[in-house]
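Heads up: the structure comes next, in structure tokens.
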There are 2 protein chains.
Amino acid sequence: MPCAADRLLRKLWGQWKTHVIYVLGEQQACRFGVLRRRIAGISPKVLTTRLRELEADGLVWREQENSIPPKVTYGLTKAGRAVHAVLKDIEQIDL
Amino acid sequence: MPCAADRLLRKLWGQWKTHVIYVLGEQQACRFGVLRRRIAGISPKVLTTRLRELEADGLVWREQENSIPPKVTYGLTKAGRAVHAVLKDIEQIDL
């Protein structure tokens, strides 16, 4: 297995990560609350952790506006969008 | 998110699962020992568990010949091959 594929598949380990990428890929940018409502079953704590991991792995970007309360927006990076495009193909698979 | 995609993404949760599908997809059928050597870092116990889960989810088939010792072979089902084809696209992604 090519190292690049191995590295990337490891970045997708962890429950909900592929769901976060999948839902984030459906729009340009997304607030935390919207993301949480769109991923049925995920807790705020797990979503926060996954977003931090995906950001550290270069698949998600995070922007914070210093309004009161602060406004935080998330979106997919170029690599994140490439992973999303691959995951979208999963819709065609008939189990 | 379409239910089918949600269901399938959940089946790919769990460390090493996508690695197992990836490596199994490189050949028609594969013995346990060969599979274990091809997935660097996986333990026999985890590989056994993942194969059982993937078989239960209809992504992997398992065949046992009643020789002494029994010969067990694994391979991807049609759905497993479809997931493999999607995962292969990950090779094109440049992180």
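In the structure tokens, the first chain shown is A, the next is B, and so on; residue numbers restart at 1 for each chain, and ligands run from 1 in the order shown.
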For this session: Find the residues around Thr77 of chain A up to 12 Å (only C-alpha atoms counted), leave out those fewer than 5 positions away in its own chain, and share them as a VMD selection string.
Result: (chain A and resid 21 24 to 25 28 to 29 54 to 62 82 to 84) or (chain B and resid 94 to 95)
Exercise. As a list of chain:residue names, which residues of chain A does DSSP assign to strand (DSSP E or B)?
Worked result: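 Reading the DSSP output for chain A, strand (DSSP E or B) covers A:Cys30, A:Arg31, A:Val60, A:Trp61, A:Arg62, A:Glu63, A:Gln64, A:Glu65, A:Lys71, A:Val72, A:Thr73, A:Tyr74, A:Gly75, A:Leu76.
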Give me, as a Markdown table, each residue of chain B that comes within 7 Å of chain A, together with its shortest interatomic pair and the distance in Å at one decimal, counting only C-alpha atoms, with rows ordered by chain and rising residue number.
| residue | atom | partner | partner_atom | distance |
| --- | --- | --- | --- | --- |
| B:Met1 | CA | A:Val23 | CA | 6.9 |
| B:Ala4 | CA | A:Glu91 | CA | 6.6 |
| B:Ala5 | CA | A:Glu91 | CA | 5.2 |
| B:Leu9 | CA | A:Thr18 | CA | 6.8 |
| B:Trp13 | CA | A:Gln15 | CA | 5.6 |
| B:Gly14 | CA | A:Trp13 | CA | 6.6 |
| B:Gln15 | CA | A:Trp13 | CA | 5.5 |
| B:Thr18 | CA | A:Leu9 | CA | 6.8 |
| B:Val23 | CA | A:Met1 | CA | 6.9 |
| B:Ala79 | CA | A:Leu95 | CA | 6.0 |
| B:Ala82 | CA | A:Ile93 | CA | 6.3 |
| B:Val83 | CA | A:Ile90 | CA | 6.9 |
| B:Val86 | CA | A:Val86 | CA | 6.2 |
| B:Asp89 | CA | A:Val86 | CA | 6.4 |
| B:Ile90 | CA | A:Ala5 | CA | 6.1 |
| B:Glu91 | CA | A:Ala5 | CA | 5.2 |
| B:Ile93 | CA | A:Ala82 | CA | 6.3 |
| B:Asp94 | CA | A:Ala79 | CA | 6.8 |
| B:Leu95 | CA | A:Ala79 | CA | 6.0 |
Exercise. Taking into account only C-alpha atoms, which residue in the set A:Arg36, A:Thr49, A:Ile42, A:Arg31 is nearest to Gln64 of chain A?
Worked result: A:Arg31
Exercise. What does the distance between atom CA of Asn66 of chain A and atom CA of Val46 of chain A come to in Å, to one decimal place?
Worked result: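 Rounded to one decimal, the two atoms are 24.1 Å apart.
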Which residues in chain B does DSSP call helix (DSSP H, G or I)? List them as a PDB file with N, CA, C and O atoms, in the first residue's frame.
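Final output, result.pdb:
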ATOM      1  N   CYS B   3     -29.081   7.980   3.806  1.00  0.00           N
ATOM      2  CA  CYS B   3     -28.954   6.887   4.789  1.00  0.00           C
ATOM      3  C   CYS B   3     -27.938   5.848   4.348  1.00  0.00           C
ATOM      4  O   CYS B   3     -27.156   5.354   5.154  1.00  0.00           O
ATOM      5  N   ALA B   4     -27.938   5.543   3.032  1.00  0.00           N
ATOM      6  CA  ALA B   4     -27.025   4.488   2.554  1.00  0.00           C
ATOM      7  C   ALA B   4     -25.575   4.887   2.825  1.00  0.00           C
ATOM      8  O   ALA B   4     -24.777   4.088   3.312  1.00  0.00           O
ATOM      9  N   ALA B   5     -25.255   6.170   2.548  1.00  0.00           N
ATOM     10  CA  ALA B   5     -23.880   6.639   2.780  1.00  0.00           C
ATOM     11  C   ALA B   5     -23.582   6.599   4.285  1.00  0.00           C
ATOM     12  O   ALA B   5     -22.521   6.153   4.715  1.00  0.00           O
ATOM     13  N   ASP B   6     -24.557   7.028   5.099  1.00  0.00           N
ATOM     14  CA  ASP B   6     -24.383   7.018   6.561  1.00  0.00           C
ATOM     15  C   ASP B   6     -24.100   5.595   7.037  1.00  0.00           C
ATOM     16  O   ASP B   6     -23.153   5.344   7.772  1.00  0.00           O
ATOM     17  N   ARG B   7     -24.922   4.648   6.575  1.00  0.00           N
ATOM     18  CA  ARG B   7     -24.750   3.238   6.991  1.00  0.00           C
ATOM     19  C   ARG B   7     -23.385   2.723   6.578  1.00  0.00           C
ATOM     20  O   ARG B   7     -22.664   2.105   7.361  1.00  0.00           O
ATOM     21  N   LEU B   8     -22.965   3.016   5.352  1.00  0.00           N
ATOM     22  CA  LEU B   8     -21.695   2.465   4.860  1.00  0.00           C
ATOM     23  C   LEU B   8     -20.508   3.120   5.568  1.00  0.00           C
ATOM     24  O   LEU B   8     -19.564   2.444   5.992  1.00  0.00           O
ATOM     25  N   LEU B   9     -20.571   4.431   5.759  1.00  0.00           N
ATOM     26  CA  LEU B   9     -19.461   5.101   6.460  1.00  0.00           C
ATOM     27  C   LEU B   9     -19.310   4.518   7.864  1.00  0.00           C
ATOM     28  O   LEU B   9     -18.211   4.332   8.366  1.00  0.00           O
ATOM     29  N   ARG B  10     -20.437   4.193   8.510  1.00  0.00           N
ATOM     30  CA  ARG B  10     -20.358   3.586   9.852  1.00  0.00           C
ATOM     31  C   ARG B  10     -19.689   2.215   9.789  1.00  0.00           C
ATOM     32  O   ARG B  10     -18.972   1.816  10.691  1.00  0.00           O
ATOM     33  N   LYS B  11     -19.928   1.471   8.691  1.00  0.00           N
ATOM     34  CA  LYS B  11     -19.314   0.134   8.571  1.00  0.00           C
ATOM     35  C   LYS B  11     -17.787   0.257   8.426  1.00  0.00           C
ATOM     36  O   LYS B  11     -17.061  -0.695   8.686  1.00  0.00           O
ATOM     37  N   LYS B  17      -9.871  -0.975   9.343  1.00  0.00           N
ATOM     38  CA  LYS B  17     -10.854  -1.571   8.420  1.00  0.00           C
ATOM     39  C   LYS B  17     -10.578  -1.168   6.970  1.00  0.00           C
ATOM     40  O   LYS B  17     -10.567  -2.023   6.069  1.00  0.00           O
ATOM     41  N   THR B  18     -10.348   0.113   6.760  1.00  0.00           N
ATOM     42  CA  THR B  18     -10.119   0.558   5.380  1.00  0.00           C
ATOM     43  C   THR B  18      -8.798  -0.014   4.853  1.00  0.00           C
ATOM     44  O   THR B  18      -8.682  -0.321   3.667  1.00  0.00           O
ATOM     45  N   HIS B  19      -7.838  -0.239   5.759  1.00  0.00           N
ATOM     46  CA  HIS B  19      -6.574  -0.871   5.330  1.00  0.00           C
ATOM     47  C   HIS B  19      -6.844  -2.307   4.860  1.00  0.00           C
ATOM     48  O   HIS B  19      -6.302  -2.747   3.846  1.00  0.00           O
ATOM     49  N   VAL B  20      -7.671  -3.040   5.615  1.00  0.00           N
ATOM     50  CA  VAL B  20      -7.961  -4.445   5.268  1.00  0.00           C
ATOM     51  C   VAL B  20      -8.622  -4.495   3.889  1.00  0.00           C
ATOM     52  O   VAL B  20      -8.231  -5.280   3.019  1.00  0.00           O
ATOM     53  N   ILE B  21      -9.604  -3.612   3.667  1.00  0.00           N
ATOM     54  CA  ILE B  21     -10.302  -3.595   2.368  1.00  0.00           C
ATOM     55  C   ILE B  21      -9.315  -3.213   1.259  1.00  0.00           C
ATOM     56  O   ILE B  21      -9.287  -3.814   0.180  1.00  0.00           O
ATOM     57  N   TYR B  22      -8.481  -2.243   1.567  1.00  0.00           N
ATOM     58  CA  TYR B  22      -7.516  -1.750   0.577  1.00  0.00           C
ATOM     59  C   TYR B  22      -6.597  -2.880   0.114  1.00  0.00           C
ATOM     60  O   TYR B  22      -6.440  -3.145  -1.068  1.00  0.00           O
ATOM     61  N   VAL B  23      -6.022  -3.614   1.089  1.00  0.00           N
ATOM     62  CA  VAL B  23      -5.054  -4.677   0.752  1.00  0.00           C
ATOM     63  C   VAL B  23      -5.769  -5.881   0.119  1.00  0.00           C
ATOM     64  O   VAL B  23      -5.293  -6.452  -0.867  1.00  0.00           O
ATOM     65  N   LEU B  24      -6.952  -6.240   0.664  1.00  0.00           N
ATOM     66  CA  LEU B  24      -7.698  -7.366   0.082  1.00  0.00           C
ATOM     67  C   LEU B  24      -8.069  -7.084  -1.369  1.00  0.00           C
ATOM     68  O   LEU B  24      -8.143  -7.986  -2.203  1.00  0.00           O
ATOM     69  N   PHE B  32      -4.714 -15.473   5.729  1.00  0.00           N
ATOM     70  CA  PHE B  32      -4.610 -14.590   6.898  1.00  0.00           C
ATOM     71  C   PHE B  32      -3.175 -14.078   7.074  1.00  0.00           C
ATOM     72  O   PHE B  32      -2.951 -12.882   7.237  1.00  0.00           O
ATOM     73  N   GLY B  33      -2.225 -14.986   6.971  1.00  0.00           N
ATOM     74  CA  GLY B  33      -0.823 -14.618   7.205  1.00  0.00           C
ATOM     75  C   GLY B  33      -0.316 -13.587   6.217  1.00  0.00           C
ATOM     76  O   GLY B  33       0.380 -12.632   6.569  1.00  0.00           O
ATOM     77  N   VAL B  34      -0.709 -13.750   4.951  1.00  0.00           N
ATOM     78  CA  VAL B  34      -0.280 -12.805   3.898  1.00  0.00           C
ATOM     79  C   VAL B  34      -0.872 -11.426   4.186  1.00  0.00           C
ATOM     80  O   VAL B  34      -0.194 -10.403   4.145  1.00  0.00           O
ATOM     81  N   LEU B  35      -2.158 -11.459   4.570  1.00  0.00           N
ATOM     82  CA  LEU B  35      -2.855 -10.202   4.863  1.00  0.00           C
ATOM     83  C   LEU B  35      -2.159  -9.472   6.018  1.00  0.00           C
ATOM     84  O   LEU B  35      -1.906  -8.263   5.957  1.00  0.00           O
ATOM     85  N   ARG B  36      -1.806 -10.220   7.038  1.00  0.00           N
ATOM     86  CA  ARG B  36      -1.191  -9.620   8.219  1.00  0.00           C
ATOM     87  C   ARG B  36       0.168  -8.995   7.863  1.00  0.00           C
ATOM     88  O   ARG B  36       0.486  -7.882   8.286  1.00  0.00           O
ATOM     89  N   ARG B  37       0.960  -9.674   7.022  1.00  0.00           N
ATOM     90  CA  ARG B  37       2.262  -9.115   6.636  1.00  0.00           C
ATOM     91  C   ARG B  37       2.101  -7.854   5.776  1.00  0.00           C
ATOM     92  O   ARG B  37       2.944  -6.953   5.801  1.00  0.00           O
ATOM     93  N   ARG B  38       0.996  -7.792   5.042  1.00  0.00           N
ATOM     94  CA  ARG B  38       0.815  -6.651   4.109  1.00  0.00           C
ATOM     95  C   ARG B  38       0.260  -5.410   4.824  1.00  0.00           C
ATOM     96  O   ARG B  38       0.232  -4.317   4.251  1.00  0.00           O
ATOM     97  N   PRO B  44      -2.496  -9.762  15.101  1.00  0.00           N
ATOM     98  CA  PRO B  44      -3.377 -10.852  14.651  1.00  0.00           C
ATOM     99  C   PRO B  44      -4.777 -10.759  15.266  1.00  0.00           C
ATOM    100  O   PRO B  44      -5.784 -10.982  14.604  1.00  0.00           O
ATOM    101  N   LYS B  45      -4.825 -10.342  16.544  1.00  0.00           N
ATOM    102  CA  LYS B  45      -6.121 -10.267  17.240  1.00  0.00           C
ATOM    103  C   LYS B  45      -7.027  -9.218  16.579  1.00  0.00           C
ATOM    104  O   LYS B  45      -8.191  -9.475  16.292  1.00  0.00           O
ATOM    105  N   VAL B  46      -6.455  -8.032  16.305  1.00  0.00           N
ATOM    106  CA  VAL B  46      -7.255  -6.961  15.699  1.00  0.00           C
ATOM    107  C   VAL B  46      -7.660  -7.362  14.279  1.00  0.00           C
ATOM    108  O   VAL B  46      -8.804  -7.166  13.869  1.00  0.00           O
ATOM    109  N   LEU B  47      -6.735  -8.004  13.543  1.00  0.00           N
ATOM    110  CA  LEU B  47      -7.062  -8.415  12.175  1.00  0.00           C
ATOM    111  C   LEU B  47      -8.210  -9.422  12.187  1.00  0.00           C
ATOM    112  O   LEU B  47      -9.153  -9.313  11.392  1.00  0.00           O
ATOM    113  N   THR B  48      -8.163 -10.366  13.120  1.00  0.00           N
ATOM    114  CA  THR B  48      -9.242 -11.365  13.228  1.00  0.00           C
ATOM    115  C   THR B  48     -10.578 -10.662  13.492  1.00  0.00           C
ATOM    116  O   THR B  48     -11.582 -10.938  12.835  1.00  0.00           O
ATOM    117  N   THR B  49     -10.572  -9.714  14.422  1.00  0.00           N
ATOM    118  CA  THR B  49     -11.808  -8.991  14.762  1.00  0.00           C
ATOM    119  C   THR B  49     -12.336  -8.202  13.560  1.00  0.00           C
ATOM    120  O   THR B  49     -13.518  -8.270  13.230  1.00  0.00           O
ATOM    121  N   ARG B  50     -11.437  -7.461  12.897  1.00  0.00           N
ATOM    122  CA  ARG B  50     -11.869  -6.647  11.757  1.00  0.00           C
ATOM    123  C   ARG B  50     -12.424  -7.520  10.626  1.00  0.00           C
ATOM    124  O   ARG B  50     -13.440  -7.189  10.016  1.00  0.00           O
ATOM    125  N   LEU B  51     -11.780  -8.656  10.370  1.00  0.00           N
ATOM    126  CA  LEU B  51     -12.261  -9.538   9.302  1.00  0.00           C
ATOM    127  C   LEU B  51     -13.657 -10.065   9.637  1.00  0.00           C
ATOM    128  O   LEU B  51     -14.550 -10.119   8.781  1.00  0.00           O
ATOM    129  N   ARG B  52     -13.860 -10.399  10.913  1.00  0.00           N
ATOM    130  CA  ARG B  52     -15.180 -10.904  11.336  1.00  0.00           C
ATOM    131  C   ARG B  52     -16.237  -9.813  11.151  1.00  0.00           C
ATOM    132  O   ARG B  52     -17.330 -10.053  10.638  1.00  0.00           O
ATOM    133  N   GLU B  53     -15.890  -8.569  11.534  1.00  0.00           N
ATOM    134  CA  GLU B  53     -16.851  -7.456  11.419  1.00  0.00           C
ATOM    135  C   GLU B  53     -17.172  -7.182   9.941  1.00  0.00           C
ATOM    136  O   GLU B  53     -18.326  -6.990   9.564  1.00  0.00           O
ATOM    137  N   LEU B  54     -16.116  -7.187   9.104  1.00  0.00           N
ATOM    138  CA  LEU B  54     -16.309  -6.893   7.676  1.00  0.00           C
ATOM    139  C   LEU B  54     -17.117  -8.004   6.999  1.00  0.00           C
ATOM    140  O   LEU B  54     -17.937  -7.743   6.116  1.00  0.00           O
ATOM    141  N   GLU B  55     -16.912  -9.253   7.480  1.00  0.00           N
ATOM    142  CA  GLU B  55     -17.692 -10.371   6.930  1.00  0.00           C
ATOM    143  C   GLU B  55     -19.163 -10.210   7.326  1.00  0.00           C
ATOM    144  O   GLU B  55     -20.066 -10.326   6.496  1.00  0.00           O
ATOM    145  N   ALA B  56     -19.400  -9.850   8.594  1.00  0.00           N
ATOM    146  CA  ALA B  56     -20.779  -9.663   9.084  1.00  0.00           C
ATOM    147  C   ALA B  56     -21.463  -8.509   8.329  1.00  0.00           C
ATOM    148  O   ALA B  56     -22.668  -8.522   8.103  1.00  0.00           O
ATOM    149  N   LYS B  78     -18.818  -8.264  -3.687  1.00  0.00           N
ATOM    150  CA  LYS B  78     -19.071  -7.240  -4.712  1.00  0.00           C
ATOM    151  C   LYS B  78     -19.104  -5.842  -4.061  1.00  0.00           C
ATOM    152  O   LYS B  78     -18.471  -4.901  -4.537  1.00  0.00           O
ATOM    153  N   ALA B  79     -19.794  -5.734  -2.948  1.00  0.00           N
ATOM    154  CA  ALA B  79     -19.884  -4.436  -2.245  1.00  0.00           C
ATOM    155  C   ALA B  79     -18.491  -4.043  -1.732  1.00  0.00           C
ATOM    156  O   ALA B  79     -18.102  -2.876  -1.815  1.00  0.00           O
ATOM    157  N   GLY B  80     -17.739  -5.037  -1.250  1.00  0.00           N
ATOM    158  CA  GLY B  80     -16.380  -4.764  -0.766  1.00  0.00           C
ATOM    159  C   GLY B  80     -15.492  -4.232  -1.872  1.00  0.00           C
ATOM    160  O   GLY B  80     -14.705  -3.295  -1.677  1.00  0.00           O
ATOM    161  N   ARG B  81     -15.656  -4.807  -3.065  1.00  0.00           N
ATOM    162  CA  ARG B  81     -14.854  -4.332  -4.230  1.00  0.00           C
ATOM    163  C   ARG B  81     -15.255  -2.909  -4.595  1.00  0.00           C
ATOM    164  O   ARG B  81     -14.403  -2.093  -4.980  1.00  0.00           O
ATOM    165  N   ALA B  82     -16.544  -2.601  -4.446  1.00  0.00           N
ATOM    166  CA  ALA B  82     -16.996  -1.235  -4.778  1.00  0.00           C
ATOM    167  C   ALA B  82     -16.383  -0.233  -3.793  1.00  0.00           C
ATOM    168  O   ALA B  82     -15.924   0.844  -4.181  1.00  0.00           O
ATOM    169  N   VAL B  83     -16.317  -0.625  -2.514  1.00  0.00           N
ATOM    170  CA  VAL B  83     -15.692   0.263  -1.511  1.00  0.00           C
ATOM    171  C   VAL B  83     -14.196   0.404  -1.819  1.00  0.00           C
ATOM    172  O   VAL B  83     -13.632   1.498  -1.771  1.00  0.00           O
ATOM    173  N   HIS B  84     -13.573  -0.715  -2.217  1.00  0.00           N
ATOM    174  CA  HIS B  84     -12.144  -0.673  -2.563  1.00  0.00           C
ATOM    175  C   HIS B  84     -11.887   0.306  -3.713  1.00  0.00           C
ATOM    176  O   HIS B  84     -10.927   1.083  -3.682  1.00  0.00           O
ATOM    177  N   ALA B  85     -12.751   0.264  -4.699  1.00  0.00           N
ATOM    178  CA  ALA B  85     -12.576   1.160  -5.864  1.00  0.00           C
ATOM    179  C   ALA B  85     -12.631   2.625  -5.421  1.00  0.00           C
ATOM    180  O   ALA B  85     -11.858   3.464  -5.885  1.00  0.00           O
ATOM    181  N   VAL B  86     -13.492   2.912  -4.450  1.00  0.00           N
ATOM    182  CA  VAL B  86     -13.598   4.283  -3.923  1.00  0.00           C
ATOM    183  C   VAL B  86     -12.319   4.629  -3.156  1.00  0.00           C
ATOM    184  O   VAL B  86     -11.714   5.680  -3.353  1.00  0.00           O
ATOM    185  N   LEU B  87     -11.880   3.703  -2.298  1.00  0.00           N
ATOM    186  CA  LEU B  87     -10.683   3.963  -1.489  1.00  0.00           C
ATOM    187  C   LEU B  87      -9.442   4.157  -2.364  1.00  0.00           C
ATOM    188  O   LEU B  87      -8.553   4.958  -2.048  1.00  0.00           O
ATOM    189  N   LYS B  88      -9.386   3.432  -3.503  1.00  0.00           N
ATOM    190  CA  LYS B  88      -8.212   3.558  -4.390  1.00  0.00           C
ATOM    191  C   LYS B  88      -8.028   5.005  -4.856  1.00  0.00           C
ATOM    192  O   LYS B  88      -6.908   5.469  -5.055  1.00  0.00           O
ATOM    193  N   ASP B  89      -9.174   5.718  -5.019  1.00  0.00           N
ATOM    194  CA  ASP B  89      -9.076   7.117  -5.492  1.00  0.00           C
ATOM    195  C   ASP B  89      -8.298   7.968  -4.504  1.00  0.00           C
ATOM    196  O   ASP B  89      -7.764   9.018  -4.842  1.00  0.00           O
ATOM    197  N   ILE B  90      -8.220   7.489  -3.258  1.00  0.00           N
ATOM    198  CA  ILE B  90      -7.512   8.262  -2.222  1.00  0.00           C
ATOM    199  C   ILE B  90      -6.029   8.428  -2.580  1.00  0.00           C
ATOM    200  O   ILE B  90      -5.386   9.394  -2.229  1.00  0.00           O
ATOM    201  N   GLU B  91      -5.524   7.483  -3.402  1.00  0.00           N
ATOM    202  CA  GLU B  91      -4.100   7.558  -3.796  1.00  0.00           C
ATOM    203  C   GLU B  91      -3.794   8.847  -4.549  1.00  0.00           C
ATOM    204  O   GLU B  91      -2.678   9.322  -4.560  1.00  0.00           O
ATOM    205  N   GLN B  92      -4.834   9.371  -5.227  1.00  0.00           N
ATOM    206  CA  GLN B  92      -4.593  10.569  -6.055  1.00  0.00           C
ATOM    207  C   GLN B  92      -4.486  11.831  -5.193  1.00  0.00           C
ATOM    208  O   GLN B  92      -4.069  12.880  -5.668  1.00  0.00           O
TER     209      GLN B  92
END
Problem set entry | Gap from atom CA of Gln27 of chain B to atom CA of Gly75 of chain B - Å, one decimal |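 Spanning atom CA of Gln27 of chain B to atom CA of Gly75 of chain B is a straight-line distance of 7.9 Å.
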